[in-house]
Structures are given as C-alpha cells and as structure tokens.
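Chemist: Let me begin by handing over the structure; questions about it come next.
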Amino acid sequence: DLEKHAHITKDFYVGDEAWGFGPVLDVRRTVDRGVIRDYEDFGRIMRHVLEEEMQMSKEDIMDSPVFITEVPLNPKANREAMTRSLFDNHNVAALYVANTSSLGLFASGRVTGVVVDIGYGVSTSVAIYDGEVLPNTLRRLDVGGKDLDDYMIRLLNERGYRFNEMRHFDQFVVRDIKERLCYVAYDYELEKKKVGGKTVVRSQWAKGGNTVDIEYNVADHGNDMLPGFESKGYPDVITIGAERFQCAEALFNPRDLLGRDHMIAGVHNMVRETVKQVPMDLVKVMYSNIVLCGGTTQMQ
C-alpha cells in the first residue's frame, strides 16, 4: 500500500529512526548474542554510525583509527568479516579489537580479578591476571537482558495482561519495568515466602498469588510519546509484584525458568567454573576481586 506508507522514503532505517516503522518494516537484529548474523546489514550500521551519527566525512574516516569491542569467544570468522568490512568498505586508517571483559576490569582500577559481563544476549566470566586474560577460565552463558525481557513478558501475561514480545513498544515498556523495578533476591525461596502472606493491592487487570504489589504507570517517563502507546493491549497502570524478583532469578536458574537444560546452571555457577580453572594460590585473590559489568548488572 504505497499511499498508506508514503512516509517511508528510505530503503532501510537504523536504530531509533526505525522505531516508528516497526509494524511496517522487516525489522532485523544484525547482532545476535554477540555474533554478527548479516554482514551487509553490519556494513549499513557502521556507515550510519560513522556518517550520520558522528557526522564524519569519507576523508575523516580514512584518517581515523577505529576502536571496537567484541564479546569473549567471538568466532574467528566473525572477527575477520568485521575487520574486512571496516577496511574494505569504509577504508578506516587502523583498527583495534578489544575484549569487553578486560576493559571492564581496567575501568575498575584493577588488573587482576574475575570479570562477570552480563549483556543483552550473552553472559560471560573470565579470570584476568596482571592484565592478561587466562583463556582456559572463560565461560559463556547465552542468557542476558533480552531473555529477562521475554521472561518478564511471560510473567506479566500470566498475571492477565496482554504483552506481545513482537511489538516494539511492549518490548520497550518491559525493559523499562525491568530496569526501574526489578531486583535480585538474596534468597529466592525466602523472598517468595516473605511476600506470600502479605495483603495485595490489586488492579482489576491483575490476577495471581498474594504478593506485595507495586504500580507502574505506562504513560510516565515519556512512554506516551512513543509510537504504539495508543494501540497497546493493557491499561495505563499495571500492577507488578513477585515478578520484580522472579525476572532476575532467571539469571541464576535458566534451566528451570527458561527451559535451557543444556546450559550452565546460572551465572553463579559460571563464576565458580571460572575460578576452578585458576591455580590454587590465586583462588582467594580472584574471589576477592569480582567485577560486574554490562547493562543487566544495573538491577538492584
């Protein structure tokens, strides 16, 4: 329908610019769990970043070295293709590819320790000694912020709401709820018992067990200005209770809560597996210097 979609004037949109066209365009995620899935799209993103976001001319790009990060255990073929794209398609002057874990440790003022990086699609842990990564200690868990978002949608739908994981607005709202209201329970089973007998202030949309509920206003924080607000399938005020700590628990129990039977049994076990690989005289040092990094670690 050309008349209906006459406002779409480009062959492709990148990042925030594509927000309003979610229901119309074929939205693709170029990087999935730290791995580039489409190199043509990756080239488009780099061109957008360099020329549109950073306002660099082709001459500026050719004179500028590029510093880029990659997740641990990034496949060699992935790194080579990324390097080839930057040199061949953008003619960058020089390129340095850094490990995100090393940068996280250095940013904390340390050169020795264990870095636990929990990102959008991948969680990793690795031991670093005197600035050098110990490759045999690296462990990876394909669980991250995106998995928590999807799990939160499932929990909210079990409460009686109608969130759709394919709608971009719903994804944004759930991510905002997670970042503002969710927290990690020190003792998950004890937390469930603590909230089990409390009085509930329940909205007409909410249903489920007796939990201490808190209200979230979808219209706050500028959400009402985003495309998709008017067509959402739930009220402006939604109620959230035990979901606040149930969501984060998926990081520690992905097998039961996410159905990932083949994975390491949680980020805590991932860290333990990392430390088990270092020499005995370094175990205490490593446990005394654990650094958390990545957006998902910002939860309380």
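Chain labels follow the order of the structure tokens: the first chain is A, the next B, and so on; residue numbering restarts at 1 in every chain, and ligands are counted from 1 in their shown order.
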When you look at Gln171 in chain A with a cut-off of 12 Å (counting only C-alpha atoms), what residues show up, excluding the ones that are within fewer than 2 positions of it in the same chain? I need them as a ChimeraX atom specification.

Modeler: /A:19,22,145-154,163-169,173-178,223,228-229,232

Chemist: What's around Asp117 in chain A at 10 Å? Count only C-alpha atoms, leave out sequence neighbours fewer than 2 positions away in its own chain, and write the answer as a list in words.

Modeler: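 So the residues in contact are Val71, Pro72, Thr100, Ser101, Gly104, Val114, Val115, Gly119, Tyr120, Val122, Ser123, Thr124, Ser125, Val126, Arg140, Gly144, Val267, Val291, Leu292, Cys293, Gly294, Gly295, Thr296 and Thr297 of chain A.
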
Chemist: CA of Ile214 in chain A and CA of Phe245 in chain A, how far apart in Å?

Modeler: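 Interatomic distance here is 12.4 Å.
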
Chemist: Run DSSP on the backbone and grab whatever in range 21-262 of chain A lands in strand (DSSP E or B); send it over as a PyMOL selection string.

Modeler: chain A and resi 31-32+35-36+65-70+94-99+113-118+123-129+132-133+139-141+214-217+237-240

Chemist: Could you go through range 22-176 of chain A and tell me which residues DSSP, when run on the backbone, assigns to alpha helix (DSSP H), listing them as a PyMOL selection string?

Modeler: chain A and resi 39-47+58-63+76-90+100-107+145-158+168-176

Chemist: Near range 50-67 of chain A, within 9 Å and counting only C-alpha atoms, which residues show up once chain neighbours fewer than 5 positions away are dropped, as a count of residues only?

Modeler: 11

Chemist: Quick one: residues within 10 Å of Thr137 in chain A, only C-alpha atoms counted, chain neighbours fewer than 2 positions away excluded, as a list of chain:residue names?

Modeler: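 So, after excluding close chain neighbours, the residues are A:Val114, A:Ser125, A:Val126, A:Ala127, A:Ile128, A:Val133, A:Leu134, A:Pro135, A:Arg139, A:Met270, A:Val271, A:Arg272, A:Glu273, A:Thr274, A:Val275, A:Lys276, A:Gln277, A:Val278.
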
Chemist: Could you tell me how far CA of Ser85 in chain A sits from CA of Phe42 in chain A, in Å to one decimal place?

Modeler: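 Separation between CA of Phe42 in chain A and CA of Ser85 in chain A: 8.3 Å.
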
Chemist: Could you state the separation of CA of Val35 in chain A and CA of Val143 in chain A in Å, given to one decimal place?

Modeler: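 So the answer is 13.8 Å.
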